[in-house]
Amino acid sequence: MTRYVLGRLGGVVVILLAVCLFTYLIFFKLSPDPAVMICGKTCTPDRINSIRDVLGLNQPLLTQFWEFLRGIFAGREYGSVHCPAPCLGYSFQTNESVWSMITARLPVSVTVAVGAAVLWLLAGVVGGLVSAIKQGTWWDRSAMALALGGVSVPNYVLALVLQYVLVVKLQVLPFPSAPAFGDDPVLWFESYLMPWAVLAVGYACLYARLTRSNVIDTLSENYFRTARAKGLSGALIMRRHALRPALTPITTIFGMDFAGLLGGALITETVFGLNGIGKMAADSIAKNDQPVIMAVTLLAAFFVVIGNVVVDLLYTALDPRVRVTSS
Amino acid sequence: MSDQLLVVEDLTVTLPTGRGPVEVVKNVSFTVGRDDTLGIVGESGSGKSMTALAVLGLLPRGARTSGSVRLDGTELLGRSERDLRSVRGNAISMVFQDPLSSLNPYYTVGLQIAEMYRTHRGGSRRAARQVAIEALERVRIPDPGRRVDHYPHQFSGGQRQRVMIAMALCCSPSLLIADEPTTALDVTVQAQILELLADLQSTTGTGMLFITHDLAVISSIARRVLVMRSGDPVEYGSAEQVFSNPRHEYTRMLLDAVPRIDDEVAS
Amino acid sequence: MTLLELRGVTKEFVTRGDGAMARKSTFRAVDDVSFEVELGETLAIVGESGSGKSTTARIAARLLAPTSGTVVFDGQDVTRAVGKDLARFRNDVQVVFQDPFSSLNPRYTVERIITAPLTYQGIAPAGGRRAFAQELMERVGLNPDHCRRYPAQFSGGQAQRIGIARALAVNPKLVICDEAVSALDVSIQAQVLELLMRLQRESGFSYIFIAHDLAVVRQISQRVAVMNRGRIVELGTRDQVFGDPRDEYTKTLLAAVPRINPEWDAKRRQREAVR
């Protein structure tokens, strides 16, 4: 088993390197000359050249890439500017190392992701389970129609509408800021409530439909019939013989969804003005702040790849048939 | 009548289908005594499995029943799910055809036996686990102390069926319903399972309702026989009478169709 | 005249082991199996699950290539045949499978199913495909008016007759029946066995009949091979294997087959003889 885990982790490193190189290639080839961007409006060719030297832009691609990789472990110098390890780049527009920008904003994104996840799991799984049990009834039909609607609404529309209705019109909630939990718990909760809701809606609807169809399948399984024939109580049958088998694929999908969300919920954060990775990504794309864009891309890829590995390992824990048998 | 364990009278089961309601069991009547084995035999579509499911109220959604099913005098047909739960696994247990799909693959065998025992008899988890180990021992699973923590897929087909039987008998039911319990098994394993069932029945005095399509199996295990075709009861009597002097054309046809292994055959 | 000969056939499967661990292990499904099939005879291969009989059947039909050993058909070595040689082999050796509903294309009409092998072999029947299909349907006991129907519209026994008709379309010399009657009700089973035997009498081809049901095998075969864990443990004429088995496993197998009480059966037979 450890051999397998090590093998997978090795694979992760290889994939991340490949993603790194690929991302680097894209920015190298496609984006406008960073020296020009940094130089600004009052520019002379001499200045551009000196900036290019500082940034090492005159070197061949692979050398630049190697410097970048080295910087991740050992820190890097950009002329007079020192970027400590791990150096994922330096933003000349904000005058910060990208890493410190990320660490400042990651907690917000994580809070958004975790809160939304809790909401959508509860709503989605419970809703799906009830629908499956009451399959065919008006409850089931209307719940699924609602779910279809929820999935179809673009989340920026929902975000704007919610913000307009709850904050501006009804004035029930304040405009979201993102205080730390310790400073002002009430404001913290009120701030995150809408982003959580907006993000959760889409996923909850998906998960409700998914749970419903999985549970309907388990309800028709032979072992479910056996459980009924054993005279077990309703709650026990539902928990062990209907829900548990249905949850395995949902858990793995959740792992991937959550990992993707950690990379930053771009639109939601931007609409609500929360200073997370997503908003940082949106801002830097607008300003064409390359080092930040690239680092955010890498970060998102990192989460997805790790999420993938975790999910695979999780599967062996969840499904006894997939585990190594001892006999 | 009062010494009969299970009395079924004029049982009719109607299932909803795309083409409208269809009667899959039509006015079937039979009894099973204590320490007795009734075999229900029929081809596919005969309604024999539906009859068994009707006894325990396990019919698919939308099914309608009429008639009477009495266990020890108590009417079972039409009872609430809650009432039936105290009967299932307790007074009447059922063993199904395919043991691999009939056991939950996500839980150990021990847990699946223990949960049934704890539902009907209560007690701690440890005590129930001990019951599970003893149950496995009774059906001759080797090394039961270790295997109680194994998952269904870690057993062979025959062993899985033993597990199902162990589970069914752990609360000492008065009636065991076996729906094609050996059909999916190899013939040598089938012989072992049939022998096990006969053994257990004689030691526990459990009544058995044995459902199969295999006339030869019925011949060796059932004391009385009910033959069904397309939901209708065709023949009902002692095994000796049904096999040596069948009254109905269909029964005769079935018996003629069974390939023989011992007598003369044209080459 | 020996039609098919398997000599020293072994088939190993490499498995990766359970779960995530990439531990390779070799599983020997068929172990040093040899037998011959004469033209016009029926050889039955019996065994329980895991005996290797189905894998052997697939090797005989060259749906699989053996790991070692040879398969010789009509004098030609077809062990590793490909392309034209294999196509010729397929014309001579056909298979009837256990479950007609999964081995017949549910989207094809009966007519198309039955004449499909002709297409693959590049044969155009004189008189047209429709007439050809209908004639074959009559031969296997199906109503020729149903040639435009789909498999799902037939019962299990009838669908199996379609599979048999398909196998006969190219006039094979050998038909391999892989548990062809195992999924059928006992009354239908008897009819289909009767059909198989009649077809053989009429056309003179050979059968390899794979089954786990010894009683069925006894009805249809002249020679019987008993397999256990990949090896043939007994091979002989039907009467010898059933009447005087030499191998312990064969004896166990025969003893395990459930029998209708012979006393009762005899009484019934007597009564019916009187009628």
# chains A, B, ... in the order shown; residues from 1 in each chain; ligands from 1
$ interface_residues --of "chain B" --to "chain A" --cutoff "6 Å" --atoms "only C-alpha atoms" --output "JSON, numbers by chain"
{"B": [85, 88, 89, 101, 102, 103, 104]}
$ write_last_selection --atoms "N, CA and C atoms" --output "PDB file, in the first residue's frame"
ATOM      1  N   ARG B  85     -42.172  -5.625  10.479  1.00  0.00           N
ATOM      2  CA  ARG B  85     -40.759  -5.630  10.838  1.00  0.00           C
ATOM      3  C   ARG B  85     -40.477  -6.515  12.041  1.00  0.00           C
ATOM      4  N   ARG B  88     -40.442 -10.097  10.417  1.00  0.00           N
ATOM      5  CA  ARG B  88     -39.351 -10.424   9.505  1.00  0.00           C
ATOM      6  C   ARG B  88     -38.054 -10.667  10.249  1.00  0.00           C
ATOM      7  N   GLY B  89     -37.390 -11.724   9.929  1.00  0.00           N
ATOM      8  CA  GLY B  89     -36.124 -12.026  10.565  1.00  0.00           C
ATOM      9  C   GLY B  89     -36.317 -12.629  11.938  1.00  0.00           C
ATOM     10  N   SER B 101     -25.161 -10.654  -4.461  1.00  0.00           N
ATOM     11  CA  SER B 101     -25.858  -9.375  -4.526  1.00  0.00           C
ATOM     12  C   SER B 101     -26.821  -9.196  -3.365  1.00  0.00           C
ATOM     13  N   SER B 102     -27.094 -10.275  -2.621  1.00  0.00           N
ATOM     14  CA  SER B 102     -28.032 -10.159  -1.506  1.00  0.00           C
ATOM     15  C   SER B 102     -27.364  -9.738  -0.215  1.00  0.00           C
ATOM     16  N   LEU B 103     -26.052  -9.604  -0.229  1.00  0.00           N
ATOM     17  CA  LEU B 103     -25.353  -9.124   0.962  1.00  0.00           C
ATOM     18  C   LEU B 103     -24.766  -7.760   0.655  1.00  0.00           C
ATOM     19  N   ASN B 104     -24.834  -6.859   1.623  1.00  0.00           N
ATOM     20  CA  ASN B 104     -24.320  -5.520   1.428  1.00  0.00           C
ATOM     21  C   ASN B 104     -22.792  -5.558   1.350  1.00  0.00           C
TER      22      ASN B 104
END
$ select_by_dssp --residues "segment 126-250 of chain B" --states "alpha helix (DSSP H)" --output "number ranges by chain"
B: 126-138, 144-147, 157-169, 187-204, 215-221, 239-244, 249-250
$ residues_around --residues "Ser213 of chain A" --least-positions-apart "5" --cutoff "12 Å" --atoms "only C-alpha atoms" --output "PyMOL selection string"
chain A and resi 125+127-133+135+140+144+206-208+218-220+242-243+246-247+249-250
$ residues_around --residues "segment 169-182 of chain A" --least-positions-apart "6" --cutoff "9 Å" --atoms "only C-alpha atoms" --output "list of chain:residue names"
A:Val108, A:Gln163, A:Trp188, A:Phe189, A:Glu190, A:Ser191, A:Tyr192, A:Leu193, A:Met194, A:Pro195, A:Phe272, A:Gly273, A:Leu274, A:Asn275
$ write_last_selection --atoms "C-alpha atoms" --output "PDB file, in the first residue's frame"
ATOM      1  CA  VAL A 108     -10.957  33.802   2.815  1.00  0.00           C
ATOM      2  CA  GLN A 163     -27.102  41.163  -2.912  1.00  0.00           C
ATOM      3  CA  TRP A 188     -18.224  37.290   9.881  1.00  0.00           C
ATOM      4  CA  PHE A 189     -21.265  35.115   9.655  1.00  0.00           C
ATOM      5  CA  GLU A 190     -23.376  37.781   7.969  1.00  0.00           C
ATOM      6  CA  SER A 191     -20.635  38.456   5.454  1.00  0.00           C
ATOM      7  CA  TYR A 192     -20.148  34.909   4.401  1.00  0.00           C
ATOM      8  CA  LEU A 193     -23.762  33.874   4.388  1.00  0.00           C
ATOM      9  CA  MET A 194     -24.584  35.094   0.909  1.00  0.00           C
ATOM     10  CA  PRO A 195     -21.422  33.806  -0.813  1.00  0.00           C
ATOM     11  CA  PHE A 272     -19.336  40.109  -3.072  1.00  0.00           C
ATOM     12  CA  GLY A 273     -16.045  41.942  -2.840  1.00  0.00           C
ATOM     13  CA  LEU A 274     -14.370  39.282  -0.734  1.00  0.00           C
ATOM     14  CA  ASN A 275     -10.609  39.367  -0.834  1.00  0.00           C
TER      15      ASN A 275
END
$ residues_around --residues "Ala133 of chain C" --least-positions-apart "2" --cutoff "7 Å" --atoms "only C-alpha atoms" --output "PyMOL selection string"
chain C and resi 111+114-115+129-131+135-137
$ residues_around --residues "Ser187 of chain C" --least-positions-apart "3" --cutoff "7 Å" --atoms "only C-alpha atoms" --output "list of chain:residue names"
B:Leu254, B:Ala257, C:Ala190, C:Gln191
$ write_last_selection --atoms "C-alpha atoms" --output "CSV table (one decimal), in the first residue's frame"
chain,number,residue,atom,x,y,z
B,254,LEU,CA,-42.9,-31.0,-16.6
B,257,ALA,CA,-39.2,-32.8,-19.6
C,190,ALA,CA,-36.1,-30.2,-23.7
C,191,GLN,CA,-37.5,-28.8,-26.9
$ interface_residues --of "chain C" --to "chain B" --cutoff "6 Å" --atoms "only C-alpha atoms" --output "PDB file with C-alpha atoms, in the first residue's frame"
ATOM      1  CA  GLU C  48     -18.447 -26.503 -12.327  1.00  0.00           C
ATOM      2  CA  ASP C 185     -37.007 -23.374 -18.445  1.00  0.00           C
ATOM      3  CA  SER C 187     -39.802 -27.692 -20.719  1.00  0.00           C
ATOM      4  CA  ALA C 190     -36.120 -30.238 -23.685  1.00  0.00           C
ATOM      5  CA  ALA C 215     -28.352 -34.631 -16.822  1.00  0.00           C
ATOM      6  CA  VAL C 216     -28.668 -32.391 -19.870  1.00  0.00           C
ATOM      7  CA  ALA C 256     -24.140 -34.593  -6.139  1.00  0.00           C
ATOM      8  CA  PRO C 258     -30.150 -34.251  -7.417  1.00  0.00           C
ATOM      9  CA  ARG C 259     -32.415 -37.007  -8.684  1.00  0.00           C
ATOM     10  CA  ILE C 260     -36.133 -37.400  -8.778  1.00  0.00           C
ATOM     11  CA  TRP C 264     -41.966 -42.450  -7.554  1.00  0.00           C
ATOM     12  CA  ASP C 265     -40.757 -41.908 -11.082  1.00  0.00           C
ATOM     13  CA  LYS C 267     -44.622 -45.658 -10.573  1.00  0.00           C
ATOM     14  CA  ARG C 268     -45.547 -42.674 -12.685  1.00  0.00           C
TER      15      ARG C 268
END
$ select_by_dssp --residues "segment 18-194 of chain A" --states "strand (DSSP E or B)" --output "PyMOL selection string"
chain A and resi 76-78+81-83+90-91+96-97
$ residues_around --residues "segment 139-154 of chain C" --least-positions-apart "2" --cutoff "7 Å" --atoms "only C-alpha atoms" --output "PyMOL selection string"
chain C and resi 101+106-111+134-137+156+158-159+161+165+195
$ atom_distance --atom1 "atom CA of Gly57 of chain B" --atom2 "atom CA of Asp98 of chain B"
19.9 Å
$ closest_atom_pairs --of "segment 73-138 of chain A" --to "segment 282-294 of chain A" --cutoff "12 Å" --atoms "only C-alpha atoms" --output "JSON lines"
{"residue": "A:Cys87", "atom": "CA", "partner": "A:Pro291", "partner_atom": "CA", "distance": 10.4}
{"residue": "A:Leu88", "atom": "CA", "partner": "A:Pro291", "partner_atom": "CA", "distance": 7.5}
{"residue": "A:Gly89", "atom": "CA", "partner": "A:Pro291", "partner_atom": "CA", "distance": 5.2}
{"residue": "A:Tyr90", "atom": "CA", "partner": "A:Pro291", "partner_atom": "CA", "distance": 6.2}
{"residue": "A:Ser91", "atom": "CA", "partner": "A:Pro291", "partner_atom": "CA", "distance": 6.0}
{"residue": "A:Phe92", "atom": "CA", "partner": "A:Asp289", "partner_atom": "CA", "distance": 8.1}
{"residue": "A:Gln93", "atom": "CA", "partner": "A:Asp289", "partner_atom": "CA", "distance": 7.0}
{"residue": "A:Thr94", "atom": "CA", "partner": "A:Asp289", "partner_atom": "CA", "distance": 9.0}
{"residue": "A:Asn95", "atom": "CA", "partner": "A:Asp289", "partner_atom": "CA", "distance": 11.1}
{"residue": "A:Glu96", "atom": "CA", "partner": "A:Val292", "partner_atom": "CA", "distance": 10.0}
{"residue": "A:Ser97", "atom": "CA", "partner": "A:Val292", "partner_atom": "CA", "distance": 9.0}
{"residue": "A:Val98", "atom": "CA", "partner": "A:Val292", "partner_atom": "CA", "distance": 5.9}
{"residue": "A:Trp99", "atom": "CA", "partner": "A:Val292", "partner_atom": "CA", "distance": 8.9}
{"residue": "A:Ser100", "atom": "CA", "partner": "A:Val292", "partner_atom": "CA", "distance": 10.9}
{"residue": "A:Met101", "atom": "CA", "partner": "A:Val292", "partner_atom": "CA", "distance": 8.6}
{"residue": "A:Ile102", "atom": "CA", "partner": "A:Val292", "partner_atom": "CA", "distance": 8.9}
$ closest_residue --among "A:Val161, A:Ala85, A:Leu146, A:Val5" --to "chain C" --atoms "only C-alpha atoms"
A:Val5
$ closest_residue --among "C:Leu254, C:Ala29, C:Val71, C:Leu64" --to "Leu4 of chain C" --atoms "only C-alpha atoms"
C:Val71
$ atom_distance --atom1 "atom CA of Met94 of chain B" --atom2 "atom CA of Gln201 of chain B"
14.0 Å
$ closest_residue --among "A:Leu6, A:Val215, A:Leu55, A:Leu148" --to "chain C" --atoms "only C-alpha atoms"
A:Leu6
